[in-house]
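Take a look at the structure below.
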Amino acid sequence: MVEIDLEQENKAIAREYKELLRISYQTLSEDDKKLIRKAFDVAVDAHKDQRRKSGEAYIFHPIAVAKIVASEIGLGATSIAAALMHDVVEDTDITVEDIERMFNPKIAKIVEGLTKIAQVKTDNEISMQAENFRKMLLTLNDDVRVILIKIADRLHNMQTMESMVDYKQAKIASETLYIYAPLAHRLGLYNIKNQLEDLGLKYTEPEIYNDIVSKIKETKEQQDEYIKSISDVLKESLDAEGIDYIIKGRPKSIFSIRKKMLAQGVSFDEVYDKFALRIIYKATPSEEKFLAWKIYSIVTDHYRPSPSRLRDWISSPKSTGYEALHITVMGPKGRWVEIQVRSERMDEIAEKGYAAHYKYKQGGSEEHGLDTWLNLLKEALENASTNAVDFVEDFKLNLYSKEIYVFTPKGEIKSLPKGATSLDFAFSIHSEIGIRTRGTRVNGKLVPLNHVLNSGDQIEVITSPNQKPTSHWLDYVTTSRAKTKIKNVLNENTKKIAEDGKELLTRKLRHLKVNMTETTVNELVNYFKLKTSLDLFYRVGIGAIDNQQLKDFAAQKSNTFMNFFKNKIKRTPSSNPETINKPEISNNYDMLVFGKEQDKLDYKLATCCNPIPGDEVFGFVTINEGIKVHKKDCPNAISLQSNYAYRIIKAKWIDSSQQEFKAILNITGMDTLGLTNELTKVISNNMHVNIQSISLSGDAGIFNGQVVVIVQNNTILKKLIENIKKIDGIDKVTRINKN
């Protein structure tokens with residue numbers, strides 16, 4: 001029986017291999033096929049005794065990753081071979097040297113890059129995830145293909161996570177949303193980005209994900225019909241003009257629908273542009289732009305466009321290389337519809353990102369936007385700060401940024417992230433110009449260095465050889481590049497002092513019998529409420545942190561360690577029947593319980609999201625403040641779970657009849673007579689709800705209010721919100737996280 005299964009499995013492996021060659025985006029030569037075959041044989045042999053958690057042969061995973069690399073990302077034979085062997089060095093006896101001997105230095109280098117990432121095993125107390133990300137991003141200096149294969153590896157892991165335990169699913173999904181999806185976006189891999197985001201949502205907020213999926217299925221028929229009605233109208237005119245094209249309907253991703261629901265405080269039904277139409281046309285390079293605008297004119301002949309929502313990424317492509325016209329028009333039944341217009345070449349670049357650029361790259365000296373971005377990234381990586389978490393956060397600044405387009409005095413166009421300032425612009429020209437900036441003029445007018453730029457602005461930078469950055473400049477810029485350069489200049493003097501400070505600190509800690517590890521450094525940084533280890537060493541170097549303060553830290557460190565375990569021991573449920581019947585248990589019954597054992601531990605509620613009983617929550621073990629409890633949809637949840645998964649503990653409410661909690665409601669509507677009176681009456685009539693404060697204002701017929709109520713749990717709050725929504729004139733009621 002087993003032999004038959006193995007035979008079937010071997011046939012399936014052979015089928016997958018043939019499929020891999022068939023779907024390759026690049027044209028494979030005979031030598032390419034030999035290279036891929038050799039890599040396949042090495043991988044099959046290396047993984048022959050391994051199985052995945054789901055029970056299937058392990059080799060299916062590297063083949064699946066290679067298929068994503070070959071078809072969805074569109075890389076060539078070298079990358080396909082490296083993808084097939086991406087786990088070989090980590091999981092088997094084969095070494096990087098073996099691969100270099102069997103293949104070539106290039107493939108060995110890529111496999112080594114992928115292995116390094118997987119094998120980073122550091123002291124579990126520091127953020128291993130952040131360390132992993134930093135290692136991965138640093139490989140950009142060697143070969144961007146390492147990152148692309150890693151994204152493919154992550155996509156396949158996300159597609160096959162069902163058999164994992166739920167806490168691992170949440171950790172991997174959080175990492176994905178935190179770094180891999182933004183990376184895929186920035187490398188122009190929009191399809192993969194959407195898949196990663198949707199799968200990330202599936203495991204971080206499963207109920208919401210499933211709810212949206214079921215609603216999309218319910219409305220699919222109506223949406224298909226709606227799209228067909230628009231397509232039919234446009235087809236007639238496009239055919240009459242003799243344009244060679246296809247029209248596709250494109251539903252919005254589940255993640256972007258969720259994002260819109262949150263940002264606008266609306267329900268699924270109120271999200272109108274849940275789909276878009278894509279018109280993909282055939283064109284020679286010389287007629288691409290002309291045809292795009294011709295199609296624009298045909299679309300707007302039939303449907304009224306929204307001028308403020310026209311996006312022309314053909315005249316000014318995004319820095320990811322994305323080109324298209326996006327037109328938002330008023331469709332039938334008064335609904336906004338986005339229509340995307342792309343040539344086949346533009347569509348290929350949008351689908352394949354980085355790889356398609358090389359296929360279409362023309363000669364000439366103009367550096368491509370994506371290459372420019374990769375160069376800027378390398379520059380940022382070379383000047384990386386020592387703290388891995390800070391580094392990743394800083395790096396993320398550049399990933400998801402929307403763009404504006406501005407001009408130099410000579411009329412050259414530059415793209416900058418939305419929110420960039422005139423000082424950011426100076427640094428984008430050249431770091432030397434940035435450092436020497438004395439002032440800036442925008443559209444001929446002198447403006448402060450922190451002036452926020454808009455698309456279309458023309459900026460002139462005034463420099464002086466004597467000018468030097470000050471620490472205030474860090475508040476004037478938003479781009480990672482400018483921040484890094486300013487920090488470097490500011491740090492030049494401090495680095496020498498910091499180096500001496502580090503040696504001094506090591507000696508002092510040794511004297512106090514404390515080991516100088518990265519964990520200790522992170523704890524000291526937190527203890528003295530500093531931002532980086534450089535700040536710490538610098539302060540020790542100049543004598544701002546003295547021996548007594550270090551003694552206090554050492555004493556507190558041993559106490560914290562002891563107290564945590566004392567608390568655990570104290571709180572273990574006793575088997576003594578007398579203690580079980582103690583009345584105080586009912587008073588504490590409203591506390592959260594933590595972990596599998598449902599321990600009752602001291603905690604604080606996080607102020608960033610104000611959880612109340614009934615909310616889905618988790619515990620986060622902080623260094624100085626014990627356990628902080630956050631809502632699962634807290635704005636900081638993804639970052640915490642991604643960077644500090646080892647500090648996350650499960651938490652749940654076991655009852656909610658004793659304590660009371662504060663919730664803040666934002667209420668908007670039409671300012672009608674008696675609305676305030678009606679609102680206070682509805683809140684007061686709700687059982688177990690007290691009003692703590694209420695502030696209401698009306699402006700030109702619009703009513704805005706913020707009400708702070710004290711409730712016992714989430715169920716009561718939801719009922720209250722429903723009742724407020726029923727009041728005539730009320731438009732929206734949303735609960736806000738911030739105090």
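Each chain in the structure tokens gets a letter, A, B and so on, in the order shown; residues start at 1 in every chain, and ligands are counted from 1 in the order they appear.
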Exercise: A:Ile683 partners within 9 Å, only C-alpha atoms, chain neighbours under 6 positions left out, as a VMD selection string:
chain A and resid 689 to 691 709 720 723 to 724
Let me see the file: selected residues, all heavy atoms, as a PDB file, in the first residue's frame.
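As a result, selection18.pdb now contains:
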ATOM      1  N   VAL A 689     -24.990  51.838  31.779  1.00  0.00           N
ATOM      2  CA  VAL A 689     -24.136  52.775  31.054  1.00  0.00           C
ATOM      3  C   VAL A 689     -24.178  54.117  31.768  1.00  0.00           C
ATOM      4  O   VAL A 689     -25.254  54.633  32.056  1.00  0.00           O
ATOM      5  CB  VAL A 689     -24.610  52.966  29.582  1.00  0.00           C
ATOM      6  CG1 VAL A 689     -23.768  54.028  28.898  1.00  0.00           C
ATOM      7  CG2 VAL A 689     -24.536  51.661  28.816  1.00  0.00           C
ATOM      8  N   ASN A 690     -23.005  54.666  32.080  1.00  0.00           N
ATOM      9  CA  ASN A 690     -22.936  56.011  32.661  1.00  0.00           C
ATOM     10  C   ASN A 690     -22.174  56.926  31.722  1.00  0.00           C
ATOM     11  O   ASN A 690     -21.198  56.503  31.103  1.00  0.00           O
ATOM     12  CB  ASN A 690     -22.201  55.978  34.015  1.00  0.00           C
ATOM     13  CG  ASN A 690     -23.034  55.261  35.057  1.00  0.00           C
ATOM     14  OD1 ASN A 690     -24.242  55.458  35.121  1.00  0.00           O
ATOM     15  ND2 ASN A 690     -22.393  54.410  35.849  1.00  0.00           N
ATOM     16  N   ILE A 691     -22.633  58.184  31.636  1.00  0.00           N
ATOM     17  CA  ILE A 691     -21.906  59.154  30.811  1.00  0.00           C
ATOM     18  C   ILE A 691     -20.844  59.803  31.687  1.00  0.00           C
ATOM     19  O   ILE A 691     -21.142  60.347  32.745  1.00  0.00           O
ATOM     20  CB  ILE A 691     -22.861  60.245  30.263  1.00  0.00           C
ATOM     21  CG1 ILE A 691     -23.986  59.618  29.426  1.00  0.00           C
ATOM     22  CG2 ILE A 691     -22.090  61.261  29.440  1.00  0.00           C
ATOM     23  CD1 ILE A 691     -25.042  60.609  28.968  1.00  0.00           C
ATOM     24  N   VAL A 709     -18.284  57.099  27.684  1.00  0.00           N
ATOM     25  CA  VAL A 709     -19.223  56.349  28.520  1.00  0.00           C
ATOM     26  C   VAL A 709     -18.476  55.307  29.342  1.00  0.00           C
ATOM     27  O   VAL A 709     -17.403  54.851  28.960  1.00  0.00           O
ATOM     28  CB  VAL A 709     -20.322  55.647  27.670  1.00  0.00           C
ATOM     29  CG1 VAL A 709     -21.256  56.659  27.054  1.00  0.00           C
ATOM     30  CG2 VAL A 709     -19.716  54.757  26.607  1.00  0.00           C
ATOM     31  N   LEU A 720     -25.536  49.748  22.882  1.00  0.00           N
ATOM     32  CA  LEU A 720     -25.662  51.201  22.981  1.00  0.00           C
ATOM     33  C   LEU A 720     -25.445  51.854  21.614  1.00  0.00           C
ATOM     34  O   LEU A 720     -26.218  52.730  21.198  1.00  0.00           O
ATOM     35  CB  LEU A 720     -24.631  51.739  23.992  1.00  0.00           C
ATOM     36  CG  LEU A 720     -24.528  53.272  24.101  1.00  0.00           C
ATOM     37  CD1 LEU A 720     -25.817  53.871  24.639  1.00  0.00           C
ATOM     38  CD2 LEU A 720     -23.354  53.684  24.970  1.00  0.00           C
ATOM     39  N   ASN A 723     -28.418  51.445  19.407  1.00  0.00           N
ATOM     40  CA  ASN A 723     -29.524  52.333  19.809  1.00  0.00           C
ATOM     41  C   ASN A 723     -29.280  53.780  19.381  1.00  0.00           C
ATOM     42  O   ASN A 723     -30.205  54.481  18.971  1.00  0.00           O
ATOM     43  CB  ASN A 723     -29.748  52.261  21.329  1.00  0.00           C
ATOM     44  CG  ASN A 723     -30.384  50.939  21.724  1.00  0.00           C
ATOM     45  OD1 ASN A 723     -30.957  50.251  20.890  1.00  0.00           O
ATOM     46  ND2 ASN A 723     -30.270  50.569  22.984  1.00  0.00           N
ATOM     47  N   ILE A 724     -28.016  54.229  19.471  1.00  0.00           N
ATOM     48  CA  ILE A 724     -27.706  55.612  19.054  1.00  0.00           C
ATOM     49  C   ILE A 724     -27.925  55.751  17.544  1.00  0.00           C
ATOM     50  O   ILE A 724     -28.443  56.761  17.062  1.00  0.00           O
ATOM     51  CB  ILE A 724     -26.251  55.992  19.451  1.00  0.00           C
ATOM     52  CG1 ILE A 724     -26.116  56.034  20.976  1.00  0.00           C
ATOM     53  CG2 ILE A 724     -25.863  57.351  18.858  1.00  0.00           C
ATOM     54  CD1 ILE A 724     -24.686  56.222  21.483  1.00  0.00           C
TER      55      ILE A 724
END
Pick out the residues sitting within 9 Å of A:Asp153, and hand them over as a list of chain:residue names; count only C-alpha atoms, and ignore anything fewer than 2 positions along from it in its own chain. A:His61, A:Pro62, A:Ala64, A:Val65, A:Ala66, A:Ile68, A:Val69, A:Ala83, A:His86, A:Leu148, A:Ile149, A:Lys150, A:Ile151, A:Leu155, A:His156, A:Asn157, A:Met158
Those residues with all heavy atoms, as a compact mmCIF listing (two decimals), in the first residue's frame please?
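Writing done, so here's result-v8.txt:
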# COMPACT_ATOMS: atom_id res chain seq x y z
N HIS A 61 7.38 21.71 -1.40
CA HIS A 61 7.52 23.13 -1.01
C HIS A 61 8.53 23.87 -1.90
O HIS A 61 8.18 24.88 -2.51
CB HIS A 61 7.87 23.24 0.48
CG HIS A 61 8.31 24.61 0.89
ND1 HIS A 61 7.46 25.71 0.84
CD2 HIS A 61 9.52 25.08 1.32
CE1 HIS A 61 8.14 26.78 1.23
NE2 HIS A 61 9.37 26.43 1.53
N PRO A 62 9.81 23.38 -2.02
CA PRO A 62 10.75 24.09 -2.90
C PRO A 62 10.26 24.19 -4.35
O PRO A 62 10.47 25.21 -5.02
CB PRO A 62 12.04 23.30 -2.81
CG PRO A 62 11.86 22.26 -1.79
CD PRO A 62 10.49 22.31 -1.24
N ALA A 64 7.12 24.40 -5.32
CA ALA A 64 6.07 25.45 -5.34
C ALA A 64 6.70 26.84 -5.30
O ALA A 64 6.26 27.76 -5.99
CB ALA A 64 5.13 25.26 -4.14
N VAL A 65 7.76 27.00 -4.49
CA VAL A 65 8.45 28.30 -4.41
C VAL A 65 9.08 28.62 -5.77
O VAL A 65 8.99 29.75 -6.26
CB VAL A 65 9.52 28.29 -3.28
CG1 VAL A 65 10.36 29.56 -3.30
CG2 VAL A 65 8.84 28.13 -1.92
N ALA A 66 9.71 27.61 -6.38
CA ALA A 66 10.33 27.82 -7.69
C ALA A 66 9.28 28.22 -8.74
O ALA A 66 9.53 29.05 -9.61
CB ALA A 66 11.07 26.55 -8.12
N ILE A 68 6.49 29.91 -8.19
CA ILE A 68 6.14 31.32 -7.95
C ILE A 68 7.24 32.21 -8.53
O ILE A 68 6.98 33.21 -9.19
CB ILE A 68 5.93 31.59 -6.44
CG1 ILE A 68 4.72 30.82 -5.92
CG2 ILE A 68 5.76 33.09 -6.17
CD1 ILE A 68 4.60 30.75 -4.40
N VAL A 69 8.50 31.81 -8.28
CA VAL A 69 9.65 32.58 -8.78
C VAL A 69 9.64 32.63 -10.31
O VAL A 69 9.90 33.66 -10.92
CB VAL A 69 10.97 31.94 -8.25
CG1 VAL A 69 12.18 32.42 -9.02
CG2 VAL A 69 11.13 32.23 -6.77
N ALA A 83 15.90 28.72 -5.97
CA ALA A 83 14.64 28.51 -5.25
C ALA A 83 14.44 27.02 -4.95
O ALA A 83 13.99 26.65 -3.85
CB ALA A 83 13.47 29.05 -6.06
N HIS A 86 16.58 26.25 -1.94
CA HIS A 86 16.67 27.29 -0.91
C HIS A 86 16.73 26.76 0.52
O HIS A 86 17.21 27.44 1.42
CB HIS A 86 15.54 28.33 -1.07
CG HIS A 86 14.20 27.88 -0.56
ND1 HIS A 86 13.31 27.20 -1.35
CD2 HIS A 86 13.60 28.02 0.64
CE1 HIS A 86 12.21 26.95 -0.65
NE2 HIS A 86 12.36 27.43 0.57
N LEU A 148 13.56 38.47 -3.50
CA LEU A 148 12.43 38.03 -4.33
C LEU A 148 12.09 36.56 -4.06
O LEU A 148 10.93 36.18 -3.96
CB LEU A 148 12.74 38.26 -5.82
CG LEU A 148 12.86 39.74 -6.22
CD1 LEU A 148 13.53 39.88 -7.57
CD2 LEU A 148 11.51 40.43 -6.24
N ILE A 149 13.13 35.73 -3.92
CA ILE A 149 12.88 34.30 -3.64
C ILE A 149 12.30 34.16 -2.22
O ILE A 149 11.42 33.35 -1.98
CB ILE A 149 14.17 33.46 -3.80
CG1 ILE A 149 14.64 33.51 -5.26
CG2 ILE A 149 13.94 32.00 -3.38
CD1 ILE A 149 16.05 33.00 -5.49
N LYS A 150 12.79 34.99 -1.30
CA LYS A 150 12.27 34.94 0.08
C LYS A 150 10.78 35.31 0.11
O LYS A 150 10.00 34.73 0.85
CB LYS A 150 13.09 35.90 0.96
CG LYS A 150 12.80 35.78 2.43
CD LYS A 150 13.20 34.42 2.99
CE LYS A 150 12.59 34.18 4.35
NZ LYS A 150 12.60 32.80 4.75
N ILE A 151 10.39 36.28 -0.74
CA ILE A 151 8.97 36.66 -0.81
C ILE A 151 8.15 35.48 -1.34
O ILE A 151 7.07 35.19 -0.84
CB ILE A 151 8.79 37.93 -1.69
CG1 ILE A 151 9.33 39.16 -0.94
CG2 ILE A 151 7.32 38.15 -2.05
CD1 ILE A 151 9.42 40.42 -1.78
N LEU A 155 5.19 33.50 0.54
CA LEU A 155 3.85 33.35 -0.06
C LEU A 155 3.40 31.90 0.03
O LEU A 155 2.27 31.61 0.45
CB LEU A 155 3.84 33.83 -1.52
CG LEU A 155 2.53 33.63 -2.28
CD1 LEU A 155 1.36 34.36 -1.61
CD2 LEU A 155 2.65 34.10 -3.73
N HIS A 156 4.29 30.96 -0.31
CA HIS A 156 3.88 29.55 -0.26
C HIS A 156 3.64 29.10 1.18
O HIS A 156 2.70 28.35 1.46
CB HIS A 156 4.90 28.63 -0.94
CG HIS A 156 4.40 27.22 -1.04
ND1 HIS A 156 4.96 26.17 -0.35
CD2 HIS A 156 3.33 26.70 -1.69
CE1 HIS A 156 4.28 25.06 -0.60
NE2 HIS A 156 3.28 25.35 -1.40
N ASN A 157 4.46 29.57 2.12
CA ASN A 157 4.23 29.24 3.54
C ASN A 157 2.87 29.74 4.00
O ASN A 157 2.15 29.07 4.73
CB ASN A 157 5.33 29.84 4.42
CG ASN A 157 6.61 29.03 4.34
OD1 ASN A 157 6.57 27.85 4.02
ND2 ASN A 157 7.74 29.66 4.58
N MET A 158 2.51 30.95 3.56
CA MET A 158 1.21 31.53 3.94
C MET A 158 0.05 30.73 3.32
O MET A 158 -1.01 30.60 3.91
CB MET A 158 1.11 32.99 3.48
CG MET A 158 2.00 33.96 4.24
SD MET A 158 1.55 34.13 5.97
CE MET A 158 0.00 35.00 5.85
Counting only C-alpha atoms, the residue among A:Val593, A:Cys608, A:Gly321, A:Lys53 that lies closest to A:Val165 is A:Lys53
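Of the residues under consideration (A:Ile429, A:Ile80, A:Val96, A:Ile413), A:Ile413 shows the shortest atom-to-atom contact distance to A:Pro317 when counting only C-alpha atoms.
Among A:Leu474, A:Ile279, A:Ala356, A:Val447, the residue with the shortest atom-to-atom distance to A:Gly188, counting only C-alpha atoms, is A:Ala356.
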In Å and to one decimal, atom CA of A:Glu90 is distant from atom CA of A:Gln641 by 25.0 Å
Requested in this report: Within stretch 595-644 of chain A, find each residue whose DSSP state, derived from the backbone, is helix (DSSP H, G or I), and express the selection as a PyMOL selection string.
Outcome: chain A and resi 637-643
Residues within 8 Å of A:Ser422, please, as a ChimeraX atom specification. Count only C-alpha atoms; anything in the same chain fewer than 2 positions from it doesn't count.
/A:420,424-426,440,442,448-453,459
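Counting only C-alpha atoms, the residue from A:Asp615, A:Glu518, A:Glu112, A:Asp31 that sits nearest to A:Lys631 is A:Asp615.
Between A:Gly331 and the candidates A:Lys228, A:Lys531, A:Arg510, A:Lys318, the tightest atom-to-atom separation, counting only C-alpha atoms, involves A:Lys228.
Near A:Ile94, within a cut-off of 12 Å and counting only C-alpha atoms, sit the residues Val42, Ala43, Asp45, Ala46, His47, Met85, His86, Asp87, Val88, Val89, Glu90, Asp98, Ile99, Glu100, Arg101, Met102, Ala108, Val111, Glu112 and Thr115 of chain A, with same-chain residues fewer than 4 positions away left out.
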Item checked: Long-range neighbours of A:Lys604 as JSON, numbers by chain, 7 Å cut-off, only C-alpha atoms, 5 positions minimum in chain -> {"A": [627, 628, 629]}
Closest of A:Ala651, A:Leu446, A:Ile179, A:Ile257 to A:Ile208, counting only C-alpha atoms, is A:Ile257
